[in-house]
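S.K.: The structure follows.
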Amino acid sequence: MDLKDVFKVLIEDPIYCIVLFWSYFYRISIAVRSTVTIGKKLCLKGWPVIETINGGTVTIGNNVTLYSTKRHYFALLDGPVRLFAEDCGKIDVGDNTRINGATIHARKGVYIGKNCLIAANTSIVDSNGHKLCLKCPEQRINSVDEPVSVIIEDNVWIGVNCLILKGVTIGAGSVIGAYNVVSKSVEPNSVLYPPTLGRGECDRR
């Protein structure tokens, strides 16, 4: 691209140019943090939120895309990609994985394999936040439950608006249909249909 082409893009789509510049700047700003490790060719679309506190770490593999903008996205995207690791929790994202407007929260570990697709508004959490405290529910508000790692193996596709709960392993090659709440592990090469279409049933291929 020569100088003439650069000026043409600036005139035709200045907002896109600002996003590109800021994405590049933001990539540098998060890369210098010792708790965040970024592989080669990270692609940022919009502004992700990456937070690490109390010993949490985030590791992002090579050729990963974090899509945090509504621009050109096929479905409703409510917010940016948010990666939040705390209390020595780990978030690992494998090579060639694409995360679109999803939230991932780790207090122990969320491990995502290679070549995964995670669609908008999905949440992946390795803890419930609070204990049930059914005998003394007034204590629930001050309780903290025990986290259990989430493992998403290679080549998994998770549809929009899903919730992946603690302790779940999603086997390689599986598809989690939109709007599913996944509280139990899914075997490899399975399809968990959207609740409105297949009543949440799992089909092993």
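Ordering of the structure tokens sets the chain letters (A, B, ...), residue numbers begin anew at 1 in every chain, and ligands are numbered from 1 in the order given.
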Please extract the residues of stretch 14-204 of chain A with a backbone DSSP assignment of helix (DSSP H, G or I) and present them as a count of residues only.
M.R.: 28
S.K.: Report as JSON lines the residues of stretch 110-141 of chain A within 12 Å of stretch 47-64 of chain A, each with its shortest atom pair and distance in Å (one decimal), using only C-alpha atoms, ordered by chain and increasing residue number.
M.R.:
```
{"residue": "A:Val110", "atom": "CA", "partner": "A:Val58", "partner_atom": "CA", "distance": 9.7}
{"residue": "A:Tyr111", "atom": "CA", "partner": "A:Thr59", "partner_atom": "CA", "distance": 9.6}
{"residue": "A:Ile112", "atom": "CA", "partner": "A:Ile60", "partner_atom": "CA", "distance": 9.7}
{"residue": "A:Gly113", "atom": "CA", "partner": "A:Gly61", "partner_atom": "CA", "distance": 9.5}
{"residue": "A:Lys114", "atom": "CA", "partner": "A:Gly61", "partner_atom": "CA", "distance": 8.5}
{"residue": "A:Asn115", "atom": "CA", "partner": "A:Val64", "partner_atom": "CA", "distance": 8.9}
{"residue": "A:Cys116", "atom": "CA", "partner": "A:Val64", "partner_atom": "CA", "distance": 9.7}
{"residue": "A:Leu117", "atom": "CA", "partner": "A:Val64", "partner_atom": "CA", "distance": 10.4}
{"residue": "A:Ile118", "atom": "CA", "partner": "A:Val64", "partner_atom": "CA", "distance": 11.7}
```
S.K.: Those residues with C-alpha atoms, as a PDB file, in the first residue's frame please?
M.R.:
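That gives us selection.pdb:
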```pdb
ATOM      1  CA  VAL A 110      -9.751 -22.105  31.663  1.00  0.00           C
ATOM      2  CA  TYR A 111      -7.884 -23.927  28.915  1.00  0.00           C
ATOM      3  CA  ILE A 112      -8.950 -23.429  25.307  1.00  0.00           C
ATOM      4  CA  GLY A 113      -7.390 -25.535  22.567  1.00  0.00           C
ATOM      5  CA  LYS A 114      -6.354 -24.789  19.010  1.00  0.00           C
ATOM      6  CA  ASN A 115      -8.639 -23.794  16.139  1.00  0.00           C
ATOM      7  CA  CYS A 116     -11.622 -23.051  18.369  1.00  0.00           C
ATOM      8  CA  LEU A 117     -14.497 -20.716  17.540  1.00  0.00           C
ATOM      9  CA  ILE A 118     -16.269 -18.947  20.416  1.00  0.00           C
TER      10      ILE A 118
END
```
S.K.: Among stretch 93-183 of chain A, which residues carry a DSSP assignment of strand (DSSP E), reported as a compact mmCIF listing (two decimals) with N, CA and C atoms, in the first residue's frame?
M.R.:
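Once everything was written out, this is out-v2.txt:
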```
# COMPACT_ATOMS: atom_id res chain seq x y z
N VAL A 93 -5.20 -19.68 25.76
CA VAL A 93 -5.92 -19.71 24.49
C VAL A 93 -4.98 -20.26 23.43
N ARG A 98 -10.42 -18.22 17.63
CA ARG A 98 -11.11 -16.94 17.43
C ARG A 98 -12.17 -16.77 18.52
N ILE A 99 -12.07 -15.66 19.26
CA ILE A 99 -13.02 -15.36 20.33
C ILE A 99 -13.75 -14.07 19.97
N ASN A 100 -15.06 -14.14 19.94
CA ASN A 100 -15.87 -13.00 19.51
C ASN A 100 -16.75 -12.52 20.66
N THR A 103 -16.83 -13.59 27.33
CA THR A 103 -16.22 -13.32 28.64
C THR A 103 -15.67 -14.62 29.21
N ILE A 104 -14.42 -14.59 29.64
CA ILE A 104 -13.77 -15.76 30.24
C ILE A 104 -13.22 -15.34 31.59
N HIS A 105 -13.64 -16.03 32.63
CA HIS A 105 -13.21 -15.70 34.00
C HIS A 105 -12.60 -16.94 34.65
N ALA A 106 -11.37 -16.82 35.09
CA ALA A 106 -10.67 -17.96 35.68
C ALA A 106 -10.17 -17.62 37.07
N GLY A 109 -8.51 -22.32 36.34
CA GLY A 109 -7.99 -22.50 34.99
C GLY A 109 -9.08 -22.63 33.96
N VAL A 110 -8.93 -21.91 32.85
CA VAL A 110 -9.75 -22.10 31.66
C VAL A 110 -8.78 -22.33 30.51
N TYR A 111 -8.84 -23.52 29.95
CA TYR A 111 -7.88 -23.93 28.91
C TYR A 111 -8.63 -24.16 27.60
N ILE A 112 -8.29 -23.37 26.61
CA ILE A 112 -8.95 -23.43 25.31
C ILE A 112 -7.94 -23.91 24.28
N LEU A 117 -13.65 -21.85 17.86
CA LEU A 117 -14.50 -20.72 17.54
C LEU A 117 -15.44 -20.48 18.72
N ILE A 118 -15.40 -19.28 19.29
CA ILE A 118 -16.27 -18.95 20.42
C ILE A 118 -17.05 -17.70 20.03
N SER A 123 -20.18 -16.92 27.91
CA SER A 123 -19.42 -16.78 29.15
C SER A 123 -18.85 -18.14 29.53
N ILE A 124 -17.58 -18.15 29.89
CA ILE A 124 -16.92 -19.37 30.34
C ILE A 124 -16.34 -19.08 31.72
N VAL A 125 -16.80 -19.80 32.73
CA VAL A 125 -16.39 -19.51 34.11
C VAL A 125 -16.00 -20.81 34.81
N VAL A 150 -11.96 -25.51 33.62
CA VAL A 150 -12.73 -25.78 32.40
C VAL A 150 -11.73 -26.09 31.28
N ILE A 151 -12.00 -27.15 30.54
CA ILE A 151 -11.12 -27.53 29.42
C ILE A 151 -11.94 -27.60 28.15
N ILE A 152 -11.54 -26.82 27.17
CA ILE A 152 -12.16 -26.85 25.86
C ILE A 152 -11.09 -27.34 24.89
N TRP A 157 -16.45 -25.62 18.50
CA TRP A 157 -17.23 -24.46 18.07
C TRP A 157 -18.33 -24.23 19.09
N ILE A 158 -18.33 -23.04 19.70
CA ILE A 158 -19.35 -22.67 20.69
C ILE A 158 -20.18 -21.53 20.12
N LEU A 163 -23.35 -20.51 28.02
CA LEU A 163 -22.74 -20.41 29.34
C LEU A 163 -22.06 -21.74 29.64
N ILE A 164 -20.75 -21.72 29.80
CA ILE A 164 -19.97 -22.92 30.10
C ILE A 164 -19.57 -22.85 31.57
N THR A 169 -15.54 -30.32 30.65
CA THR A 169 -14.61 -30.57 29.55
C THR A 169 -15.42 -30.76 28.28
N ILE A 170 -15.10 -29.98 27.25
CA ILE A 170 -15.77 -30.13 25.96
C ILE A 170 -14.79 -30.81 25.02
N VAL A 175 -19.52 -29.35 18.82
CA VAL A 175 -20.25 -28.13 18.53
C VAL A 175 -21.27 -27.90 19.63
N ILE A 176 -21.22 -26.71 20.24
CA ILE A 176 -22.19 -26.34 21.26
C ILE A 176 -23.13 -25.31 20.64
N VAL A 181 -26.68 -23.90 28.15
CA VAL A 181 -25.98 -23.86 29.42
C VAL A 181 -25.33 -25.22 29.60
N VAL A 182 -23.99 -25.24 29.62
CA VAL A 182 -23.27 -26.50 29.64
C VAL A 182 -22.75 -26.72 31.06
```
S.K.: Excluding A:Thr65 and residues on its chain fewer than 6 positions from it, collect all residues at most 9 Å away from it, counting only C-alpha atoms, and give them as a list in words.
M.R.: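 Listed by chain and then number, they are Lys41, Leu42, Cys43, Leu44, Lys45, Asn96, Thr97, Arg98, Ile99 and Asn100 of chain A.
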S.K.: Restricted to C-alpha atoms, what would the selected residues look like written as a CSV table (one decimal), in the first residue's frame?
M.R.:
```csv
chain,number,residue,atom,x,y,z
A,41,LYS,CA,0.2,-12.4,14.9
A,42,LEU,CA,-2.4,-11.5,17.4
A,43,CYS,CA,-5.4,-9.9,15.6
A,44,LEU,CA,-7.4,-7.4,17.5
A,45,LYS,CA,-10.7,-6.1,16.2
A,96,ASN,CA,-5.6,-20.1,15.6
A,97,THR,CA,-8.5,-19.7,18.0
A,98,ARG,CA,-11.1,-16.9,17.4
A,99,ILE,CA,-13.0,-15.4,20.3
A,100,ASN,CA,-15.9,-13.0,19.5
```
S.K.: Taking into account only C-alpha atoms, which residue in the set A:Leu132, A:Ile141, A:Cys88, A:Val186 is nearest to A:Glu153?
M.R.: A:Val186
S.K.: May I ask which of the residues A:Arg140, A:Asp95, A:Ser127, A:Asn189 is the closest one to A:Gly39, counting only C-alpha atoms?
M.R.: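 Residue with the minimum atom-to-atom distance to A:Gly39: A:Asp95.
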S.K.: Would you mind telling me which residue in A:Pro195, A:Gly79, A:Gly46, A:Gly167 lies nearest to A:Ser183 when using only C-alpha atoms?
M.R.: A:Gly167
S.K.: Measure the distance from atom CA of A:Asp87 to atom CA of A:Lys40 in Å and round it to one decimal.
M.R.: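 The value is 26.9 Å.
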S.K.: Can you work out which one of A:Cys136, A:Ile38, A:Leu165, A:Ala172 has the shortest atom-to-atom distance to A:Lys184, counting only C-alpha atoms?
M.R.: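 Under the stated criterion, the closest residue is A:Leu165.
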S.K.: Just to confirm, what's the straight-line distance from atom CA of A:Gly101 to atom CA of A:Glu146 in Å (one decimal)?
M.R.: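 Calculated distance between atom CA of A:Gly101 and atom CA of A:Glu146 is 26.4 Å.
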S.K.: Can you tell me which residues surround A:Leu77 at a distance of at most 9 Å, considering only C-alpha atoms, apart from same-chain residues fewer than 6 positions away, and format the answer as a VMD selection string?
M.R.: chain A and resid 68 to 70 100 to 102 119 to 121 160
S.K.: Please compute the atom CA of A:Asn161-atom CA of A:Gly89 distance, one decimal, in Å.
M.R.: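 According to the coordinates, atom CA of A:Asn161 and atom CA of A:Gly89 are separated by 23.5 Å.
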S.K.: Considering only C-alpha atoms, state which residue in the set A:Gln139, A:Val156, A:Val148, A:His72 is at the smallest distance from A:Gly173.
M.R.: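 Comparing A:Gln139, A:Val156, A:Val148, A:His72 against A:Gly173, the winner is A:Val156.
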